[in-house]
$ cat my_file.txt   # compact mmCIF, C-alpha atoms
# COMPACT_ATOMS: atom_id res chain seq x y z
CA MET A 8 110.93 -16.46 -4.00
CA GLN A 9 108.60 -13.92 -5.57
CA GLU A 10 105.31 -13.35 -3.76
CA PRO A 11 102.23 -14.04 -5.97
CA GLU A 12 100.28 -10.99 -6.98
CA ARG A 13 97.14 -10.39 -4.97
CA GLU A 14 93.91 -9.76 -6.83
CA THR A 15 92.57 -6.27 -6.60
CA THR A 16 89.07 -5.59 -5.30
CA GLN A 17 88.01 -4.81 -8.87
CA GLN A 18 89.37 -8.15 -10.12
CA VAL A 19 87.56 -10.06 -7.39
CA ALA A 20 84.33 -8.17 -8.10
CA SER A 21 84.60 -8.98 -11.81
CA LYS A 22 84.50 -12.70 -10.96
CA GLN A 23 81.38 -12.32 -8.87
CA GLY A 24 77.90 -12.47 -10.29
CA ALA A 25 75.18 -9.89 -9.95
CA ARG A 26 74.23 -9.02 -6.40
CA ILE A 27 70.79 -9.40 -4.88
CA VAL A 28 69.47 -5.86 -4.37
CA ASP A 29 65.85 -6.57 -3.52
CA ALA A 30 63.73 -9.45 -2.24
CA ARG A 31 60.01 -9.06 -1.64
CA VAL A 32 57.32 -11.40 -0.37
CA ILE A 33 53.97 -11.29 -2.18
CA VAL A 34 50.91 -12.97 -0.62
CA THR A 35 47.84 -13.24 -2.83
CA CYS A 36 44.59 -15.23 -2.94
CA PRO A 37 43.24 -15.65 -6.49
CA GLY A 38 40.97 -18.54 -5.53
CA ARG A 39 43.37 -19.78 -2.87
CA ASN A 40 46.42 -18.43 -1.00
CA PHE A 41 49.92 -18.33 -2.46
CA VAL A 42 53.25 -17.05 -1.11
CA THR A 43 55.70 -15.77 -3.73
CA LEU A 44 59.25 -14.45 -3.29
CA LYS A 45 60.53 -12.06 -5.97
CA ILE A 46 64.31 -11.53 -6.03
CA THR A 47 65.92 -8.77 -8.14
CA THR A 48 69.62 -8.48 -8.93
CA SER A 49 71.93 -5.52 -9.56
CA ASP A 50 71.76 -6.10 -13.32
CA GLY A 51 67.98 -5.78 -13.30
CA VAL A 52 67.10 -9.46 -13.69
CA TYR A 53 64.45 -10.90 -11.37
CA GLY A 54 63.27 -14.38 -10.50
CA VAL A 55 60.27 -15.71 -8.61
CA GLY A 56 59.92 -18.65 -6.24
CA ASP A 57 56.98 -20.38 -4.56
CA GLY A 58 56.86 -20.58 -0.75
CA THR A 59 53.24 -21.69 -0.29
CA LEU A 60 52.43 -23.96 2.66
CA ASN A 61 48.73 -24.83 2.55
CA GLY A 62 46.94 -23.55 5.67
CA ARG A 63 50.15 -22.09 7.14
CA GLU A 64 50.99 -19.52 4.47
CA LEU A 65 51.68 -16.59 6.78
CA ALA A 66 54.17 -18.64 8.79
CA VAL A 67 56.35 -18.91 5.68
CA SER A 68 55.71 -15.29 4.75
CA ALA A 69 56.90 -14.11 8.18
CA TYR A 70 59.92 -16.45 8.09
CA LEU A 71 60.93 -15.01 4.74
CA GLN A 72 60.31 -11.37 5.60
CA GLU A 73 61.79 -11.37 9.07
CA HIS A 74 64.56 -13.95 8.90
CA VAL A 75 65.58 -14.64 5.28
CA VAL A 76 65.24 -11.48 3.21
CA PRO A 77 67.63 -9.42 5.41
CA CYS A 78 70.29 -12.09 4.81
CA LEU A 79 69.88 -12.09 1.02
CA ILE A 80 70.62 -8.45 0.22
CA GLY A 81 74.13 -8.09 -1.17
CA ARG A 82 74.66 -11.82 -1.78
CA ASP A 83 75.94 -13.14 -5.11
CA ALA A 84 72.86 -14.41 -6.97
CA ASP A 85 74.95 -16.93 -8.94
CA ARG A 86 76.01 -18.87 -5.83
CA ILE A 87 72.86 -20.97 -5.55
CA GLU A 88 74.39 -23.94 -3.72
CA ASP A 89 76.22 -21.66 -1.29
CA THR A 90 73.04 -19.70 -0.56
CA TRP A 91 71.13 -22.95 -0.01
CA GLN A 92 73.74 -24.17 2.49
CA TYR A 93 73.83 -20.74 4.12
CA LEU A 94 70.08 -20.78 4.76
CA TYR A 95 70.00 -24.46 5.78
CA ARG A 96 73.16 -24.89 7.87
CA GLY A 97 73.30 -21.31 9.01
CA ALA A 98 69.84 -21.36 10.61
CA TYR A 99 70.89 -24.07 13.13
CA TRP A 100 67.19 -25.04 13.54
CA ARG A 101 67.13 -27.21 10.45
CA ARG A 102 64.39 -28.67 8.30
CA GLY A 103 60.68 -28.48 9.00
CA PRO A 104 58.01 -27.42 6.49
CA VAL A 105 58.20 -23.67 7.18
CA THR A 106 61.99 -23.43 6.91
CA MET A 107 62.22 -25.65 3.85
CA ALA A 108 59.38 -23.88 2.02
CA ALA A 109 61.19 -20.58 2.62
CA ILE A 110 64.47 -22.02 1.34
CA ALA A 111 62.60 -23.42 -1.67
CA ALA A 112 61.26 -19.95 -2.52
CA VAL A 113 64.78 -18.52 -2.54
CA ASP A 114 66.28 -21.46 -4.41
CA THR A 115 63.62 -21.50 -7.15
CA ALA A 116 63.92 -17.74 -7.67
CA LEU A 117 67.72 -17.99 -7.99
CA TRP A 118 67.48 -20.82 -10.53
CA ASP A 119 65.00 -18.67 -12.46
CA ILE A 120 67.51 -15.81 -12.46
CA LYS A 121 70.41 -18.02 -13.51
CA ALA A 122 68.49 -19.50 -16.44
CA LYS A 123 67.32 -16.05 -17.53
CA GLY A 124 70.94 -14.87 -17.41
CA ALA A 125 71.89 -17.76 -19.67
CA ASN A 126 68.87 -16.96 -21.90
CA MET A 127 67.66 -20.54 -21.88
CA PRO A 128 64.88 -22.58 -20.31
CA LEU A 129 65.79 -23.95 -16.91
CA TYR A 130 65.76 -27.59 -17.97
CA GLN A 131 68.74 -26.88 -20.24
CA LEU A 132 70.80 -25.82 -17.21
CA LEU A 133 69.72 -29.03 -15.45
CA GLY A 134 71.19 -31.19 -18.21
CA GLY A 135 68.67 -30.90 -21.02
CA ARG A 136 65.60 -32.94 -21.86
CA GLY A 137 65.57 -36.54 -20.71
CA ARG A 138 62.19 -37.12 -22.42
CA ASP A 139 59.87 -35.45 -24.91
CA GLY A 140 57.30 -34.44 -22.31
CA VAL A 141 56.22 -34.96 -18.71
CA THR A 142 53.56 -37.60 -18.09
CA VAL A 143 50.97 -36.24 -15.68
CA TYR A 144 47.99 -37.66 -13.84
CA CYS A 145 44.75 -35.88 -13.01
CA HIS A 146 42.11 -36.21 -10.28
CA ALA A 147 38.72 -37.83 -10.85
CA ASN A 148 36.19 -38.13 -8.05
CA GLY A 149 32.51 -38.70 -7.47
CA HIS A 150 29.79 -38.87 -4.83
CA ASP A 151 29.00 -42.38 -6.10
CA LEU A 152 30.52 -44.86 -8.53
CA GLY A 153 28.49 -43.61 -11.48
CA GLU A 154 29.62 -40.05 -10.93
CA LEU A 155 33.21 -41.21 -10.49
CA CYS A 156 33.15 -43.04 -13.82
CA GLU A 157 31.75 -39.98 -15.55
CA SER A 158 34.57 -37.89 -14.07
CA VAL A 159 37.14 -40.41 -15.30
CA ALA A 160 35.58 -40.34 -18.77
CA GLN A 161 35.72 -36.56 -18.89
CA HIS A 162 39.43 -36.55 -18.04
CA VAL A 163 40.19 -39.27 -20.57
CA GLU A 164 38.41 -37.13 -23.16
CA LEU A 165 40.73 -34.25 -22.22
CA GLY A 166 43.71 -36.45 -23.06
CA TYR A 167 44.89 -37.78 -19.70
CA LYS A 168 46.43 -41.23 -19.76
CA ALA A 169 46.70 -41.54 -15.96
CA VAL A 170 43.93 -40.78 -13.46
CA ARG A 171 43.74 -40.74 -9.67
CA VAL A 172 40.34 -42.07 -8.55
CA GLN A 173 38.61 -41.17 -5.26
CA CYS A 174 34.98 -41.79 -4.36
CA ALA A 175 32.57 -41.16 -1.52
CA VAL A 176 32.42 -44.17 0.80
CA PRO A 177 28.95 -45.47 1.68
CA GLY A 178 28.20 -44.68 5.30
CA VAL A 179 31.03 -42.13 5.58
CA ALA A 180 29.97 -38.48 5.52
CA ASP A 181 33.25 -36.98 4.24
CA ALA A 182 35.61 -39.09 2.16
CA TYR A 183 39.00 -37.67 1.22
CA GLY A 184 39.36 -36.37 -2.33
CA VAL A 185 35.66 -35.81 -3.07
CA SER A 186 34.38 -32.30 -3.77
CA HIS A 187 31.72 -30.83 -1.51
CA GLY A 188 29.79 -29.23 -4.35
CA ASP A 189 29.75 -29.20 -8.12
CA GLY A 190 33.15 -27.54 -8.48
CA PRO A 191 36.66 -29.05 -8.42
CA TYR A 192 37.89 -30.63 -5.19
CA GLU A 193 39.56 -28.07 -2.92
CA PRO A 194 40.09 -29.19 0.69
CA ALA A 195 41.18 -25.84 2.21
CA ASP A 196 37.79 -24.24 2.53
CA GLY A 197 37.16 -22.89 6.04
CA SER A 198 38.18 -19.97 8.22
CA VAL A 199 38.46 -22.63 10.93
CA PRO A 200 39.18 -26.32 10.26
CA ARG A 201 36.15 -28.30 9.14
CA GLU A 202 35.80 -31.60 11.05
CA GLU A 203 35.23 -34.75 9.02
CA VAL A 204 34.19 -38.20 10.29
CA TRP A 205 36.05 -41.23 8.99
CA SER A 206 35.73 -45.04 9.09
CA THR A 207 38.68 -47.04 7.82
CA ALA A 208 36.74 -50.31 8.04
CA LYS A 209 34.01 -49.06 5.68
CA TYR A 210 36.64 -47.65 3.32
CA LEU A 211 38.57 -50.93 3.17
CA ARG A 212 35.38 -52.81 2.25
CA PHE A 213 34.52 -50.30 -0.48
CA ALA A 214 37.88 -49.58 -2.17
CA PRO A 215 38.20 -52.89 -4.10
CA LYS A 216 34.66 -52.45 -5.47
CA MET A 217 35.56 -48.92 -6.60
CA MET A 218 38.61 -50.14 -8.50
CA GLU A 219 36.74 -53.07 -10.00
CA THR A 220 34.03 -50.73 -11.32
CA VAL A 221 36.54 -48.37 -12.94
CA ARG A 222 38.56 -51.20 -14.49
CA LEU A 223 35.44 -52.85 -15.95
CA ARG A 224 34.48 -49.53 -17.57
CA PHE A 225 37.90 -48.36 -18.80
CA GLY A 226 40.07 -51.48 -19.07
CA PHE A 227 43.72 -51.82 -18.17
CA ASP A 228 45.33 -49.39 -20.62
CA LEU A 229 44.42 -46.45 -18.40
CA ALA A 230 46.84 -45.95 -15.51
CA LEU A 231 44.92 -45.76 -12.22
CA LEU A 232 46.21 -44.24 -8.99
CA HIS A 233 44.62 -44.00 -5.54
CA ASP A 234 45.41 -41.97 -2.41
CA GLY A 235 44.94 -43.50 1.06
CA HIS A 236 45.92 -40.14 2.61
CA HIS A 237 47.65 -41.54 5.69
CA ARG A 238 44.41 -43.10 6.98
CA MET A 239 45.54 -46.71 7.52
CA THR A 240 47.72 -48.62 9.93
CA PRO A 241 50.53 -50.59 8.26
CA ILE A 242 48.62 -53.89 8.46
CA GLU A 243 45.46 -52.26 7.09
CA ALA A 244 47.49 -50.80 4.25
CA ALA A 245 49.03 -54.20 3.55
CA SER A 246 45.56 -55.73 3.38
CA LEU A 247 44.31 -53.04 0.99
CA GLY A 248 47.36 -53.32 -1.24
CA LYS A 249 46.86 -57.06 -1.52
CA SER A 250 43.14 -56.72 -2.29
CA LEU A 251 43.92 -54.24 -5.09
CA GLU A 252 46.66 -56.24 -6.81
CA GLU A 253 44.34 -57.69 -9.48
CA PHE A 254 43.45 -54.14 -10.60
CA ARG A 255 47.10 -53.26 -11.35
CA LEU A 256 47.32 -49.79 -9.83
CA PHE A 257 50.06 -47.45 -10.99
CA TRP A 258 50.47 -46.73 -7.27
CA LEU A 259 48.81 -46.68 -3.87
CA GLU A 260 49.71 -43.34 -2.30
CA ASP A 261 50.26 -42.42 1.36
CA ALA A 262 48.90 -45.71 2.65
CA THR A 263 50.13 -45.05 6.19
CA PRO A 264 51.90 -42.16 7.96
CA ALA A 265 55.61 -42.29 7.17
CA GLU A 266 57.15 -40.78 10.31
CA ASN A 267 58.05 -44.38 11.13
CA GLN A 268 59.73 -45.27 7.86
CA GLN A 269 60.20 -48.93 8.74
CA ALA A 270 56.40 -49.36 8.91
CA PHE A 271 56.53 -49.71 5.13
CA ARG A 272 58.46 -52.98 5.55
CA LEU A 273 55.28 -54.67 6.72
CA ILE A 274 53.28 -53.34 3.76
CA ARG A 275 56.02 -54.37 1.35
CA GLN A 276 56.05 -57.92 2.71
CA HIS A 277 52.37 -58.44 1.96
CA THR A 278 51.66 -56.76 -1.38
CA THR A 279 53.14 -56.10 -4.80
CA THR A 280 50.98 -53.00 -5.35
CA PRO A 281 53.45 -50.13 -6.04
CA LEU A 282 53.75 -47.66 -3.18
CA ALA A 283 54.19 -43.89 -3.28
CA VAL A 284 54.73 -41.47 -0.39
CA GLY A 285 56.32 -38.15 0.45
CA GLU A 286 54.16 -35.12 -0.34
CA VAL A 287 54.63 -33.91 3.25
CA PHE A 288 58.38 -34.66 3.28
CA ASN A 289 60.74 -31.70 3.41
CA SER A 290 64.20 -33.27 3.35
CA ILE A 291 66.17 -36.23 2.10
CA PHE A 292 66.29 -37.56 5.66
CA ASP A 293 62.50 -38.08 5.67
CA CYS A 294 62.88 -40.70 2.95
CA GLN A 295 66.41 -42.03 3.47
CA GLN A 296 65.36 -45.43 4.83
CA LEU A 297 62.32 -45.72 2.57
CA ILE A 298 64.55 -45.32 -0.46
CA SER A 299 67.68 -47.19 0.61
CA GLU A 300 65.66 -50.25 1.67
CA GLN A 301 63.47 -50.01 -1.44
CA LEU A 302 60.30 -49.84 0.64
CA ILE A 303 58.62 -47.50 -1.86
CA ASP A 304 58.48 -47.21 -5.63
CA TYR A 305 57.85 -43.45 -6.00
CA ILE A 306 59.02 -40.50 -3.93
CA ARG A 307 56.42 -37.69 -3.90
CA ALA A 308 58.46 -34.80 -2.49
CA THR A 309 57.99 -31.56 -4.39
CA VAL A 310 59.99 -28.43 -5.14
CA VAL A 311 58.18 -26.04 -2.79
CA HIS A 312 58.07 -28.33 0.24
CA ALA A 313 61.47 -29.98 -0.06
CA GLY A 314 63.90 -27.09 -0.25
CA GLY A 315 63.71 -26.18 -3.92
CA ILE A 316 65.28 -27.56 -7.07
CA THR A 317 68.71 -27.90 -5.44
CA HIS A 318 67.47 -30.32 -2.77
CA MET A 319 65.02 -32.10 -5.06
CA ARG A 320 67.89 -32.99 -7.38
CA ARG A 321 69.72 -34.47 -4.41
CA ILE A 322 66.70 -36.58 -3.46
CA ALA A 323 66.21 -37.76 -7.05
CA SER A 324 69.87 -38.72 -7.46
CA PHE A 325 69.76 -40.72 -4.22
CA ALA A 326 66.51 -42.42 -5.25
CA ASP A 327 67.97 -43.33 -8.64
CA LEU A 328 70.59 -45.50 -6.93
CA TYR A 329 67.80 -47.75 -5.63
CA GLY A 330 65.43 -47.79 -8.59
CA VAL A 331 62.94 -45.43 -6.97
CA LYS A 332 61.26 -42.95 -9.31
CA THR A 333 59.91 -39.45 -8.75
CA GLY A 334 56.19 -38.67 -8.57
CA SER A 335 56.01 -35.11 -7.37
CA HIS A 336 53.02 -33.64 -5.55
CA GLY A 337 51.20 -31.11 -7.75
CA PRO A 338 47.81 -29.99 -6.41
CA THR A 339 46.30 -26.51 -6.56
CA ASP A 340 47.97 -25.54 -3.29
CA VAL A 341 51.33 -25.32 -5.04
CA SER A 342 51.41 -22.23 -7.20
CA PRO A 343 52.02 -22.23 -10.97
CA ILE A 344 55.60 -21.19 -10.09
CA CYS A 345 56.16 -24.51 -8.35
CA MET A 346 54.44 -26.39 -11.17
CA GLY A 347 56.66 -24.70 -13.75
CA ALA A 348 59.82 -25.43 -11.77
CA ALA A 349 58.69 -29.03 -11.20
CA LEU A 350 58.19 -29.60 -14.92
CA HIS A 351 61.75 -28.45 -15.68
CA PHE A 352 62.98 -30.80 -12.96
CA ASP A 353 60.79 -33.65 -14.28
CA LEU A 354 61.98 -33.17 -17.83
CA SER A 355 65.62 -33.48 -16.82
CA VAL A 356 65.92 -36.22 -14.16
CA PRO A 357 66.64 -39.76 -15.41
CA ASN A 358 64.38 -41.48 -12.85
CA PHE A 359 61.23 -39.47 -13.48
CA GLY A 360 58.04 -41.43 -12.90
CA ILE A 361 54.97 -39.21 -13.13
CA GLN A 362 53.81 -35.71 -12.12
CA GLU A 363 50.56 -34.84 -10.37
CA HIS A 364 48.56 -32.13 -12.13
CA MET A 365 45.52 -30.28 -10.82
CA PRO A 366 44.69 -27.33 -13.09
CA HIS A 367 44.47 -23.99 -11.32
CA CYS A 368 41.43 -21.74 -11.55
CA ALA A 369 41.28 -18.95 -14.16
CA GLU A 370 42.11 -16.23 -11.62
CA THR A 371 45.26 -18.05 -10.51
CA ASP A 372 46.39 -18.54 -14.11
CA GLU A 373 45.91 -14.82 -14.76
CA VAL A 374 47.95 -13.80 -11.72
CA PHE A 375 50.70 -16.27 -12.65
CA PRO A 376 51.15 -16.19 -16.46
CA HIS A 377 53.12 -19.25 -17.53
CA ALA A 378 54.71 -20.96 -20.50
CA TYR A 379 53.89 -24.57 -19.57
CA ARG A 380 51.18 -26.42 -21.49
CA PHE A 381 49.28 -29.72 -21.55
CA LYS A 382 48.58 -31.93 -24.56
CA ASP A 383 47.76 -35.63 -24.99
CA GLY A 384 48.61 -36.67 -21.44
CA LEU A 385 51.93 -34.80 -21.36
CA MET A 386 53.02 -31.41 -20.08
CA HIS A 387 55.99 -29.35 -21.23
CA PRO A 388 57.50 -26.40 -19.35
CA GLY A 389 57.94 -24.36 -22.52
CA GLU A 390 60.99 -22.66 -24.00
CA SER A 391 60.91 -19.31 -22.18
CA ALA A 392 64.11 -18.31 -20.42
CA GLY A 393 64.00 -19.25 -16.73
CA HIS A 394 61.30 -21.54 -15.37
CA GLY A 395 58.70 -19.79 -17.52
CA VAL A 396 56.33 -18.52 -14.81
CA ASP A 397 55.85 -14.89 -13.71
CA ILE A 398 53.58 -12.97 -11.35
CA ASP A 399 51.36 -10.00 -12.25
CA GLU A 400 51.81 -7.95 -9.09
CA LYS A 401 49.09 -5.42 -9.85
CA LEU A 402 46.57 -8.18 -10.42
CA ALA A 403 47.83 -10.11 -7.39
CA ALA A 404 47.14 -7.06 -5.20
CA ARG A 405 43.44 -7.36 -6.06
CA PHE A 406 43.24 -10.72 -4.24
CA PRO A 407 44.07 -10.20 -0.54
CA TYR A 408 44.94 -13.08 1.76
CA LYS A 409 42.05 -15.09 3.22
CA ARG A 410 42.59 -17.45 6.13
CA MET A 411 41.71 -20.98 4.97
CA TYR A 412 42.36 -24.22 6.83
CA LEU A 413 42.59 -27.81 5.74
CA PRO A 414 40.05 -30.09 7.47
CA VAL A 415 40.74 -32.36 10.43
CA ALA A 416 39.42 -35.91 10.76
CA ARG A 417 37.86 -37.84 13.63
CA LEU A 418 36.87 -41.49 13.83
CA GLU A 419 33.25 -42.39 14.45
CA ASP A 420 33.87 -42.57 18.22
CA GLY A 421 35.24 -39.01 18.23
CA SER A 422 38.97 -39.86 18.33
CA MET A 423 41.30 -37.62 16.36
CA HIS A 424 42.66 -39.28 13.24
CA ASN A 425 44.98 -38.41 10.37
CA TRP A 426 43.35 -36.16 7.80
$ encode --input "my_file.txt" --output "structure tokens"
Amino acid sequence: MQEPERETTQQVASKQGARIVDARVIVTCPGRNFVTLKITTSDGVYGVGDGTLNGRELAVSAYLQEHVVPCLIGRDADRIEDTWQYLYRGAYWRRGPVTMAAIAAVDTALWDIKAKGANMPLYQLLGGRGRDGVTVYCHANGHDLGELCESVAQHVELGYKAVRVQCAVPGVADAYGVSHGDGPYEPADGSVPREEVWSTAKYLRFAPKMMETVRLRFGFDLALLHDGHHRMTPIEAASLGKSLEEFRLFWLEDATPAENQQAFRLIRQHTTTPLAVGEVFNSIFDCQQLISEQLIDYIRATVVHAGGITHMRRIASFADLYGVKTGSHGPTDVSPICMGAALHFDLSVPNFGIQEHMPHCAETDEVFPHAYRFKDGLMHPGESAGHGVDIDEKLAARFPYKRMYLPVARLEDGSMHNW
């Protein structure tokens, strides 16, 4: 029997894609801190990925520089799934926000490269458009109900069809989601964590009045969302959800901490208000029970914190089996790179629900030129090859890193609470 011919080294090499020849971490602070990974291949194509972890940016930067970049040089840039598994399984110490943000930076950059190599926008590689545009929601807030309603009106005028509403709570010095000055809300604002004082009881008494006021002013055609920001126990969350049912929220977000996934059973038993959770999740295992038991309606995991596009597609496919939709996190602490990648993902998945959108400041937009755009309540990632977002390295160098923490919260008796 004749022995089969063995492939020569040249033949094997011809089947392999371009090799990764350089990978650099760029940390910049145009208004707030961002961590970017730029990967360049042997054929001169480069891609960028977001690795930002709000308040812990340098942890991801060090993980990338010291533990990931040395493993990337020489790898085949086309083997995205293999590289993902290599960084996830090969690390042994799996998951966690730092590891998964680092993996996300690599994964997003490699998808950018692959789409550029195909000379098409990323969403085409992900299966093409599943919709004409991506429905997004904005943030409206106020120091009182009048100011909140004015903020909602301003965003409706801009074209938003869905609005998250947050308001200062009477008797509570620092309510989540309310700006501390005249500018946009930005929680990471101190070189050490600012301490806020919280009262869940006062909040629970006020929240129905807030929603009633907004509904009376704007009616029921406007989609309203609200974020509880992990502040309630399951039974408190169940009570709030029930009290808000008449106002027909699009969702109640992060009503209770989700480390104990079965806690959402109790909420689900008491209210029909739709539930969303997951902006702090970093793997499919964080939401496995929540999804499979249909304890939530929207999964809020996002590209940068949940291992990149590769893992987000896995989460979305799993959620689709149980009628759970996506509702990805999208504040200013994810860079425009993450927002661009998220929009390609949103445009392509069949069970898309909604996308959070907080516009970045002018300096951030200049450092990260992008193809995505907003019009009439929808966003589109654009038709540029790749995910459509780049980084101006010279401009980025003008904005050095500044240490900025998220706040911490205490109850009125001084006990630590969930911020």
$ closest_residue --input "my_file.txt" --among "A:Arg275, A:Arg96, A:Lys123, A:Lys216" --to "Gly51 in chain A" --atoms "only C-alpha atoms"
A:Lys123
$ closest_residue --input "my_file.txt" --among "A:Thr371, A:Ser342, A:Gln23, A:Thr317" --to "Gln92 in chain A" --atoms "all atoms listed in the file"
A:Thr317
$ residues_near_point --input "my_file.txt" --point "(64.6, -25.6, 6.1)" --cutoff "10 Å" --atoms "all atoms listed in the file" --output "count of residues only"
24
$ closest_residue --input "my_file.txt" --among "A:Asn148, A:Gln131, A:Thr207, A:Thr142" --to "Phe381 in chain A" --atoms "only C-alpha atoms"
A:Thr142
$ atom_distance --input "my_file.txt" --atom1 "CA of Gly395 in chain A" --atom2 "CA of Thr43 in chain A"
14.7 Å
$ closest_residue --input "my_file.txt" --among "A:Glu193, A:Glu363, A:Asp397, A:Asp420" --to "Tyr144 in chain A" --atoms "only C-alpha atoms"
A:Glu363
$ closest_residue --input "my_file.txt" --among "A:Phe41, A:Phe225, A:Trp205, A:Phe288" --to "Glu266 in chain A" --atoms "all atoms listed in the file"
A:Phe288
$ residues_around --input "my_file.txt" --residues "Ile322 in chain A" --least-positions-apart "4" --cutoff "9 Å" --atoms "all atoms listed in the file" --output "list in words"
Ser290, Ile291, Cys294, Gln295, Ile306, Ala308, His318, Ala326 and Asp327 of chain A
$ closest_residue --input "my_file.txt" --among "A:Leu133, A:Leu297, A:Leu256, A:Val75" --to "Pro357 in chain A" --atoms "only C-alpha atoms"
A:Leu133
$ atom_distance --input "my_file.txt" --atom1 "CA of Ile27 in chain A" --atom2 "CA of Ala125 in chain A"
17.0 Å
$ atom_distance --input "my_file.txt" --atom1 "CA of Thr240 in chain A" --atom2 "CA of Thr263 in chain A"
5.7 Å
$ residues_around --input "my_file.txt" --residues "Pro338 in chain A" --least-positions-apart "2" --cutoff "12 Å" --atoms "only C-alpha atoms" --output "PyMOL selection string"
chain A and resi 39+59-61+143-146+171+184+191-195+286+307+309+311+335-336+340-343+345-346+349+362-368
$ residues_around --input "my_file.txt" --residues "His377 in chain A" --least-positions-apart "5" --cutoff "9 Å" --atoms "all atoms listed in the file" --output "list of chain:residue names"
A:Pro343, A:Ile344, A:Gly347, A:Asp372, A:Pro388, A:Gly389, A:His394, A:Gly395, A:Val396, A:Asp397, A:Ile398
$ residues_around --input "my_file.txt" --residues "Ala180 in chain A" --least-positions-apart "2" --cutoff "8 Å" --atoms "all atoms listed in the file" --output "compact mmCIF listing (two decimals) with C-alpha atoms, keeping the file's coordinate frame"
# COMPACT_ATOMS: atom_id res chain seq x y z
CA ALA A 175 32.57 -41.16 -1.52
CA VAL A 176 32.42 -44.17 0.80
CA GLY A 178 28.20 -44.68 5.30
CA ALA A 182 35.61 -39.09 2.16
CA GLU A 203 35.23 -34.75 9.02
CA VAL A 204 34.19 -38.20 10.29
CA TRP A 205 36.05 -41.23 8.99
$ residues_near_point --input "my_file.txt" --point "(34.2, -48.0, -11.3)" --cutoff "10 Å" --atoms "all atoms listed in the file" --output "list in words"
Asp151, Leu152, Gly153, Glu154, Leu155, Cys156, Glu157, Val159, Val172, Cys174, Ala214, Pro215, Lys216, Met217, Met218, Glu219, Thr220, Val221, Arg222, Leu223, Arg224 and Phe225 of chain A
